[in-house]
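Note sheet for the following structure.
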Amino acid sequence: MSDLHSINEAINKRAGRKLIPSIFVGLFLLAVIFSTMAFVPVLFAVFVGGAVLIALHELTAALKVRDIALNYLQLALSTILILLSSWIGGLPGLSVSVVIALIANLFWALLQGTEGFIKNATARAFTLLYPGFVAGFIFLLARSGDGFAYIATLVILVGCNDTFAYVFGVLLGKHPLAAKISPKKTWEGFVGGLVFTALGGALAFYYLLDHHPVIGALAGLAGVLAATVGDLVESAIKRDLSIKDMGTLLPGHGGMLDRLDSALITAPVMWCFIELLKRLS
């Protein structure tokens, strides 16, 4: 038993997070995602929307470290508008709602006066786009007739990358991928995630979406690049703000934004990939 404890502690130290709680939280989130999408898709939308609003709260709270005080209620209402419009109106709803929300938030920024206007307006625009706007693409995937298959494929791509990048990084990682942004990430982990996500994408696209495995493998490669960018973007935010995690809500993961970062950037890439396939076929 002590040997298992020692091994677990060694993994935690090398990976930078607690393994066992992380696994249980991950399994719980997967259960909620698949059960809601399978039986009551609108509950999936509510669940994801709630997660995005929590992530938004974490981000606005973290920005206070740099004396950027944003009105969470205004941003939350704007984000709800974006997500609700995406669910009801699809891509046109997402596009129009983002424009309306941006105009409204620039107006609210004006009401605070000209001092610090650029900083305030830029922060508002950023928090509308991330996490709100990019999360809208998860809704676009989920609301379609093949919503379950699309979301399942998205989960497979993100899950394969997160899992195998983690495993290969812990076991073989020696060469930092972006030392100044995220010291724990390695090229070995990146390659491991790349290989297995390409395999997962090939299987998912073939069995779930009825596409050639090569197309799925290419989608997997694009998904890894997107997920890595999403992960590094969030790491850059935390490094700039000098914080370790966005929150403590999810044991082994940190905050909600720490869990969503990869999926937020992967979803738009997958949506574009699927839309391109529709037009080519």
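Ordered as shown in the structure tokens, chains take letters A, B, and onward, while each chain numbers its residues from 1 and ligands are numbered from 1 in the order shown.
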Within 12 Å of segment 236-246 of chain A using only C-alpha atoms, minus same-chain residues under 4 positions, as an mmCIF file with N, CA and C atoms, in the first residue's frame:
```
data_model
loop_
_atom_site.group_PDB
_atom_site.id
_atom_site.type_symbol
_atom_site.label_atom_id
_atom_site.label_comp_id
_atom_site.auth_asym_id
_atom_site.auth_seq_id
_atom_site.Cartn_x
_atom_site.Cartn_y
_atom_site.Cartn_z
ATOM 1 N N GLY A 16 2.115 17.509 -11.977
ATOM 2 C CA GLY A 16 1.621 18.792 -11.493
ATOM 3 C C GLY A 16 0.166 18.787 -11.091
ATOM 4 N N ARG A 17 -0.448 17.602 -10.947
ATOM 5 C CA ARG A 17 -1.828 17.523 -10.474
ATOM 6 C C ARG A 17 -2.070 16.164 -9.833
ATOM 7 N N ILE A 54 -19.455 29.490 -15.008
ATOM 8 C CA ILE A 54 -18.500 29.318 -13.903
ATOM 9 C C ILE A 54 -17.097 29.689 -14.371
ATOM 10 N N ALA A 55 -16.734 29.220 -15.568
ATOM 11 C CA ALA A 55 -15.420 29.549 -16.120
ATOM 12 C C ALA A 55 -15.270 31.057 -16.311
ATOM 13 N N LEU A 56 -16.342 31.707 -16.760
ATOM 14 C CA LEU A 56 -16.325 33.166 -16.931
ATOM 15 C C LEU A 56 -16.117 33.862 -15.598
ATOM 16 N N HIS A 57 -16.772 33.373 -14.554
ATOM 17 C CA HIS A 57 -16.600 33.959 -13.214
ATOM 18 C C HIS A 57 -15.159 33.805 -12.738
ATOM 19 N N GLU A 58 -14.577 32.629 -12.976
ATOM 20 C CA GLU A 58 -13.180 32.405 -12.596
ATOM 21 C C GLU A 58 -12.256 33.379 -13.317
ATOM 22 N N LEU A 59 -12.518 33.591 -14.612
ATOM 23 C CA LEU A 59 -11.664 34.475 -15.406
ATOM 24 C C LEU A 59 -11.791 35.925 -14.955
ATOM 25 N N THR A 60 -13.016 36.394 -14.746
ATOM 26 C CA THR A 60 -13.201 37.784 -14.321
ATOM 27 C C THR A 60 -12.610 38.015 -12.933
ATOM 28 N N ALA A 61 -12.717 37.016 -12.052
ATOM 29 C CA ALA A 61 -12.133 37.138 -10.717
ATOM 30 C C ALA A 61 -10.605 37.177 -10.796
ATOM 31 N N ALA A 62 -10.039 36.345 -11.684
ATOM 32 C CA ALA A 62 -8.578 36.299 -11.814
ATOM 33 C C ALA A 62 -8.023 37.599 -12.385
ATOM 34 N N LEU A 63 -8.769 38.253 -13.262
ATOM 35 C CA LEU A 63 -8.287 39.484 -13.893
ATOM 36 C C LEU A 63 -8.148 40.636 -12.898
ATOM 37 N N LYS A 64 -8.798 40.501 -11.752
ATOM 38 C CA LYS A 64 -8.673 41.552 -10.737
ATOM 39 C C LYS A 64 -7.240 41.679 -10.230
ATOM 40 N N VAL A 65 -6.454 40.629 -10.403
ATOM 41 C CA VAL A 65 -5.040 40.670 -10.012
ATOM 42 C C VAL A 65 -4.308 41.771 -10.774
ATOM 43 N N ARG A 66 -4.735 42.038 -11.997
ATOM 44 C CA ARG A 66 -4.142 43.092 -12.821
ATOM 45 C C ARG A 66 -4.987 44.362 -12.796
ATOM 46 N N ASP A 67 -5.787 44.524 -11.758
ATOM 47 C CA ASP A 67 -6.642 45.709 -11.592
ATOM 48 C C ASP A 67 -7.604 45.892 -12.763
ATOM 49 N N ILE A 68 -8.080 44.769 -13.294
ATOM 50 C CA ILE A 68 -9.095 44.811 -14.343
ATOM 51 C C ILE A 68 -10.402 44.353 -13.713
ATOM 52 N N PHE A 126 -12.418 40.341 -24.834
ATOM 53 C CA PHE A 126 -11.732 39.065 -24.675
ATOM 54 C C PHE A 126 -12.594 38.054 -23.934
ATOM 55 N N THR A 127 -13.231 38.483 -22.842
ATOM 56 C CA THR A 127 -14.047 37.561 -22.051
ATOM 57 C C THR A 127 -15.358 37.199 -22.749
ATOM 58 N N TYR A 130 -13.814 34.507 -25.223
ATOM 59 C CA TYR A 130 -13.251 33.365 -24.482
ATOM 60 C C TYR A 130 -13.618 33.517 -23.021
ATOM 61 N N ALA A 178 6.864 24.225 -24.304
ATOM 62 C CA ALA A 178 6.830 25.697 -24.216
ATOM 63 C C ALA A 178 7.179 26.061 -22.778
ATOM 64 N N ALA A 179 8.460 26.011 -22.479
ATOM 65 C CA ALA A 179 8.930 26.134 -21.093
ATOM 66 C C ALA A 179 8.494 27.435 -20.426
ATOM 67 N N LYS A 180 8.449 28.523 -21.183
ATOM 68 C CA LYS A 180 8.099 29.806 -20.594
ATOM 69 C C LYS A 180 6.601 29.954 -20.339
ATOM 70 N N ILE A 181 5.806 29.099 -20.974
ATOM 71 C CA ILE A 181 4.356 29.184 -20.813
ATOM 72 C C ILE A 181 3.838 28.092 -19.885
ATOM 73 N N SER A 182 4.236 26.844 -20.162
ATOM 74 C CA SER A 182 3.768 25.703 -19.373
ATOM 75 C C SER A 182 4.901 24.690 -19.232
ATOM 76 N N PRO A 183 5.697 24.798 -18.170
ATOM 77 C CA PRO A 183 6.886 23.960 -17.998
ATOM 78 C C PRO A 183 6.608 22.461 -17.953
ATOM 79 N N THR A 228 -3.957 21.920 -27.957
ATOM 80 C CA THR A 228 -2.683 22.390 -27.398
ATOM 81 C C THR A 228 -2.651 23.907 -27.321
ATOM 82 N N VAL A 229 -3.150 24.548 -28.376
ATOM 83 C CA VAL A 229 -3.235 26.014 -28.359
ATOM 84 C C VAL A 229 -4.148 26.473 -27.227
ATOM 85 N N GLY A 230 -5.298 25.817 -27.083
ATOM 86 C CA GLY A 230 -6.228 26.182 -26.019
ATOM 87 C C GLY A 230 -5.610 26.027 -24.645
ATOM 88 N N ASP A 231 -4.882 24.928 -24.459
ATOM 89 C CA ASP A 231 -4.219 24.676 -23.181
ATOM 90 C C ASP A 231 -3.146 25.724 -22.905
ATOM 91 N N LEU A 232 -2.376 26.048 -23.932
ATOM 92 C CA LEU A 232 -1.296 27.022 -23.760
ATOM 93 C C LEU A 232 -1.831 28.438 -23.553
ATOM 94 N N LEU A 250 -12.856 21.785 -9.171
ATOM 95 C CA LEU A 250 -12.733 20.394 -9.613
ATOM 96 C C LEU A 250 -11.440 19.786 -9.088
ATOM 97 N N PRO A 251 -11.508 18.899 -8.102
ATOM 98 C CA PRO A 251 -10.302 18.277 -7.551
ATOM 99 C C PRO A 251 -9.470 17.584 -8.628
ATOM 100 N N GLY A 252 -8.184 17.865 -8.627
ATOM 101 C CA GLY A 252 -7.298 17.258 -9.611
ATOM 102 C C GLY A 252 -7.233 18.003 -10.928
ATOM 103 N N HIS A 253 -8.138 18.964 -11.122
ATOM 104 C CA HIS A 253 -8.165 19.722 -12.364
ATOM 105 C C HIS A 253 -7.963 21.212 -12.134
ATOM 106 N N GLY A 254 -8.381 21.695 -10.965
ATOM 107 C CA GLY A 254 -8.328 23.127 -10.706
ATOM 108 C C GLY A 254 -9.710 23.723 -10.854
ATOM 109 N N GLY A 255 -9.802 24.764 -11.677
ATOM 110 C CA GLY A 255 -11.082 25.415 -11.903
ATOM 111 C C GLY A 255 -11.787 24.868 -13.131
ATOM 112 N N MET A 256 -12.992 25.375 -13.384
ATOM 113 C CA MET A 256 -13.755 24.928 -14.547
ATOM 114 C C MET A 256 -13.054 25.293 -15.851
ATOM 115 N N LEU A 257 -12.452 26.481 -15.895
ATOM 116 C CA LEU A 257 -11.750 26.885 -17.114
ATOM 117 C C LEU A 257 -10.529 26.003 -17.368
ATOM 118 N N ASP A 258 -9.911 25.502 -16.296
ATOM 119 C CA ASP A 258 -8.792 24.574 -16.449
ATOM 120 C C ASP A 258 -9.244 23.287 -17.132
ATOM 121 N N ARG A 259 -10.505 22.902 -16.950
ATOM 122 C CA ARG A 259 -11.037 21.688 -17.554
ATOM 123 C C ARG A 259 -11.558 21.936 -18.963
ATOM 124 N N LEU A 260 -12.044 23.147 -19.218
ATOM 125 C CA LEU A 260 -12.670 23.444 -20.498
ATOM 126 C C LEU A 260 -11.705 23.948 -21.559
ATOM 127 N N ASP A 261 -10.503 24.361 -21.161
ATOM 128 C CA ASP A 261 -9.627 25.097 -22.072
ATOM 129 C C ASP A 261 -9.407 24.403 -23.416
#
```
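Taking only C-alpha atoms, the non-local environment of Leu128 of chain A within 8 Å (same-chain residues fewer than 2 positions away omitted) comprises Leu75, Ser78, Thr79, Val98, Ala101, Leu102, Arg124, Ala125, Phe126, Tyr130, Pro131, Gly132 and Phe133 of chain A.
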Just the selected residues (N, CA, C and O atoms), exported as a compact mmCIF listing (two decimals), in the first residue's frame, please.
```txt
# COMPACT_ATOMS: atom_id res chain seq x y z
N LEU A 75 -21.43 40.61 -18.18
CA LEU A 75 -20.78 39.63 -19.04
C LEU A 75 -21.52 38.31 -19.04
O LEU A 75 -21.61 37.63 -20.07
N SER A 78 -24.52 38.65 -21.23
CA SER A 78 -24.07 38.64 -22.63
C SER A 78 -23.74 37.22 -23.09
O SER A 78 -24.08 36.82 -24.21
N THR A 79 -23.09 36.46 -22.22
CA THR A 79 -22.72 35.09 -22.55
C THR A 79 -23.95 34.20 -22.69
O THR A 79 -24.02 33.36 -23.59
N VAL A 98 -23.17 37.74 -30.86
CA VAL A 98 -21.83 38.22 -30.48
C VAL A 98 -21.68 39.70 -30.81
O VAL A 98 -21.13 40.48 -30.01
N ALA A 101 -23.79 41.65 -28.28
CA ALA A 101 -23.14 41.61 -26.96
C ALA A 101 -21.91 42.51 -26.93
O ALA A 101 -21.66 43.19 -25.93
N LEU A 102 -21.15 42.52 -28.01
CA LEU A 102 -19.95 43.36 -28.06
C LEU A 102 -20.32 44.84 -28.01
O LEU A 102 -19.71 45.62 -27.26
N ARG A 124 -13.27 43.22 -21.77
CA ARG A 124 -14.65 42.81 -22.01
C ARG A 124 -14.76 42.01 -23.31
O ARG A 124 -15.43 40.98 -23.37
N ALA A 125 -14.12 42.51 -24.36
CA ALA A 125 -14.17 41.82 -25.65
C ALA A 125 -13.54 40.43 -25.53
O ALA A 125 -14.07 39.44 -26.07
N PHE A 126 -12.42 40.34 -24.83
CA PHE A 126 -11.73 39.06 -24.68
C PHE A 126 -12.59 38.05 -23.93
O PHE A 126 -12.71 36.89 -24.34
N TYR A 130 -13.81 34.51 -25.22
CA TYR A 130 -13.25 33.36 -24.48
C TYR A 130 -13.62 33.52 -23.02
O TYR A 130 -13.09 34.42 -22.36
N PRO A 131 -14.59 32.74 -22.54
CA PRO A 131 -15.05 31.47 -23.10
C PRO A 131 -16.36 31.51 -23.90
O PRO A 131 -16.72 30.50 -24.50
N GLY A 132 -17.09 32.62 -23.92
CA GLY A 132 -18.45 32.63 -24.46
C GLY A 132 -18.59 32.26 -25.92
O GLY A 132 -19.27 31.28 -26.27
N PHE A 133 -17.96 33.03 -26.82
CA PHE A 133 -18.14 32.81 -28.25
C PHE A 133 -17.67 31.43 -28.69
O PHE A 133 -18.38 30.72 -29.41
```
One decimal place gives the atom CA of Ala104 of chain A-atom CA of Leu77 of chain A separation as 10.6 Å
Residues of segment 43-223 of chain A in helix (DSSP H, G or I), written as a PyMOL selection string
chain A and resi 43-66+72-111+117-143+147-172+187-207+213-223
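Running DSSP on the backbone gives strand (DSSP E or B) for these residues within segment 23-226 of chain A: A:Pro176, A:Leu177, A:Ala178, A:Ser182, A:Pro183, A:Lys184, A:Lys185, A:Thr186.
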Just to be explicit: take each residue in the selection above, keep all heavy atoms, and write the result as a tab-separated table (two decimals), in the first residue's frame.
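Result went into part-v4.tsv, see below:
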```tsv
chain	number	residue	atom	x	y	z
A	176	PRO	N	10.85	20.17	-22.88
A	176	PRO	CA	9.72	21.10	-22.73
A	176	PRO	C	9.17	21.57	-24.07
A	176	PRO	O	9.93	21.87	-24.99
A	176	PRO	CB	10.31	22.27	-21.94
A	176	PRO	CG	11.52	21.70	-21.27
A	176	PRO	CD	12.07	20.68	-22.21
A	177	LEU	N	7.86	21.61	-24.16
A	177	LEU	CA	7.21	22.09	-25.37
A	177	LEU	C	7.19	23.61	-25.42
A	177	LEU	O	7.45	24.21	-26.47
A	177	LEU	CB	5.77	21.55	-25.44
A	177	LEU	CG	4.89	22.02	-26.59
A	177	LEU	CD1	5.44	21.51	-27.91
A	177	LEU	CD2	3.45	21.53	-26.39
A	178	ALA	N	6.86	24.22	-24.30
A	178	ALA	CA	6.83	25.70	-24.22
A	178	ALA	C	7.18	26.06	-22.78
A	178	ALA	O	6.30	26.38	-21.98
A	178	ALA	CB	5.46	26.22	-24.61
A	182	SER	N	4.24	26.84	-20.16
A	182	SER	CA	3.77	25.70	-19.37
A	182	SER	C	4.90	24.69	-19.23
A	182	SER	O	5.06	23.81	-20.08
A	182	SER	CB	2.55	25.06	-20.06
A	182	SER	OG	2.04	24.01	-19.29
A	183	PRO	N	5.70	24.80	-18.17
A	183	PRO	CA	6.89	23.96	-18.00
A	183	PRO	C	6.61	22.46	-17.95
A	183	PRO	O	7.49	21.66	-18.27
A	183	PRO	CB	7.46	24.44	-16.66
A	183	PRO	CG	6.90	25.79	-16.45
A	183	PRO	CD	5.54	25.77	-17.08
A	184	LYS	N	5.40	22.05	-17.57
A	184	LYS	CA	5.08	20.64	-17.45
A	184	LYS	C	4.82	19.96	-18.80
A	184	LYS	O	4.86	18.74	-18.91
A	184	LYS	CB	3.86	20.43	-16.55
A	184	LYS	CG	4.05	20.88	-15.11
A	184	LYS	CD	4.99	19.96	-14.35
A	184	LYS	CE	5.10	20.37	-12.89
A	184	LYS	NZ	6.02	19.48	-12.15
A	185	LYS	N	4.53	20.74	-19.82
A	185	LYS	CA	4.21	20.17	-21.12
A	185	LYS	C	5.49	19.85	-21.88
A	185	LYS	O	6.41	20.66	-21.93
A	185	LYS	CB	3.34	21.13	-21.94
A	185	LYS	CG	2.02	21.40	-21.28
A	185	LYS	CD	1.06	22.06	-22.21
A	185	LYS	CE	-0.22	22.36	-21.47
A	185	LYS	NZ	-0.75	21.17	-20.80
A	186	THR	N	5.53	18.66	-22.49
A	186	THR	CA	6.73	18.21	-23.19
A	186	THR	C	6.39	17.80	-24.62
A	186	THR	O	5.24	17.51	-24.96
A	186	THR	CB	7.36	17.01	-22.47
A	186	THR	OG1	6.44	15.91	-22.50
A	186	THR	CG2	7.68	17.35	-21.02
```
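Nearest residue to Gly159 of chain A, choosing from A:Ser22, A:Ser85, A:Thr197, A:Thr248 and counting only C-alpha atoms: A:Thr197.
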Could you list, with a cut-off of 12 Å and counting only C-alpha atoms, the residues of segment 153-236 of chain A near segment 137-143 of chain A, each shown with its nearest atom pair and the distance in Å rounded to one decimal, rows sorted by chain and ascending number, as a Markdown table?
```
| residue | atom | partner | partner_atom | distance |
| --- | --- | --- | --- | --- |
| A:Thr153 | CA | A:Leu141 | CA | 10.2 |
| A:Leu154 | CA | A:Ile138 | CA | 8.8 |
| A:Val155 | CA | A:Ile138 | CA | 10.7 |
```
Can I get the selection written as a PDB file, in the first residue's frame, with all heavy atoms?
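Below is the file that was written, out-v3.pdb:
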```pdb
ATOM      1  N   THR A 153     -17.611  12.547 -30.602  1.00  0.00           N
ATOM      2  CA  THR A 153     -16.341  12.665 -31.335  1.00  0.00           C
ATOM      3  C   THR A 153     -15.473  13.752 -30.736  1.00  0.00           C
ATOM      4  O   THR A 153     -14.250  13.574 -30.580  1.00  0.00           O
ATOM      5  CB  THR A 153     -16.613  12.958 -32.824  1.00  0.00           C
ATOM      6  OG1 THR A 153     -17.409  11.911 -33.376  1.00  0.00           O
ATOM      7  CG2 THR A 153     -15.302  13.053 -33.597  1.00  0.00           C
ATOM      8  N   LEU A 154     -16.084  14.881 -30.389  1.00  0.00           N
ATOM      9  CA  LEU A 154     -15.333  15.964 -29.750  1.00  0.00           C
ATOM     10  C   LEU A 154     -14.716  15.495 -28.442  1.00  0.00           C
ATOM     11  O   LEU A 154     -13.537  15.764 -28.163  1.00  0.00           O
ATOM     12  CB  LEU A 154     -16.259  17.158 -29.502  1.00  0.00           C
ATOM     13  CG  LEU A 154     -15.650  18.340 -28.721  1.00  0.00           C
ATOM     14  CD1 LEU A 154     -14.503  18.974 -29.509  1.00  0.00           C
ATOM     15  CD2 LEU A 154     -16.727  19.381 -28.399  1.00  0.00           C
ATOM     16  N   VAL A 155     -15.504  14.776 -27.637  1.00  0.00           N
ATOM     17  CA  VAL A 155     -15.006  14.264 -26.358  1.00  0.00           C
ATOM     18  C   VAL A 155     -13.861  13.278 -26.586  1.00  0.00           C
ATOM     19  O   VAL A 155     -12.859  13.287 -25.855  1.00  0.00           O
ATOM     20  CB  VAL A 155     -16.147  13.589 -25.570  1.00  0.00           C
ATOM     21  CG1 VAL A 155     -15.606  12.839 -24.355  1.00  0.00           C
ATOM     22  CG2 VAL A 155     -17.161  14.635 -25.120  1.00  0.00           C
TER      23      VAL A 155
END
```
Using only C-alpha atoms, the best pick from A:Phe107, A:Phe47, A:Phe168, A:Phe117 as closest to Val191 of chain A would be A:Phe168
Next on the checklist: If we count only C-alpha atoms and set the cut-off at 8 Å, which residues sit around Val134 of chain A, ignoring sequence neighbours fewer than 6 positions away in its own chain? Please answer as a PyMOL selection string.
Outcome noted: chain A and resi 264-265+267-268
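Coordinates place atom CA of Ile20 of chain A at a distance of 26.3 Å from atom CA of Leu53 of chain A.
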Using only C-alpha atoms, the shortest atom-to-atom distance to Gly193 of chain A among A:Leu225, A:Ala219, A:Ile274, A:Leu106 belongs to A:Leu225
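In terms of minimum interatomic distance to Ala38 of chain A, A:Gly145 ranks closest within A:Gly113, A:Gly201, A:Gly145, A:Gly136, counting only C-alpha atoms.
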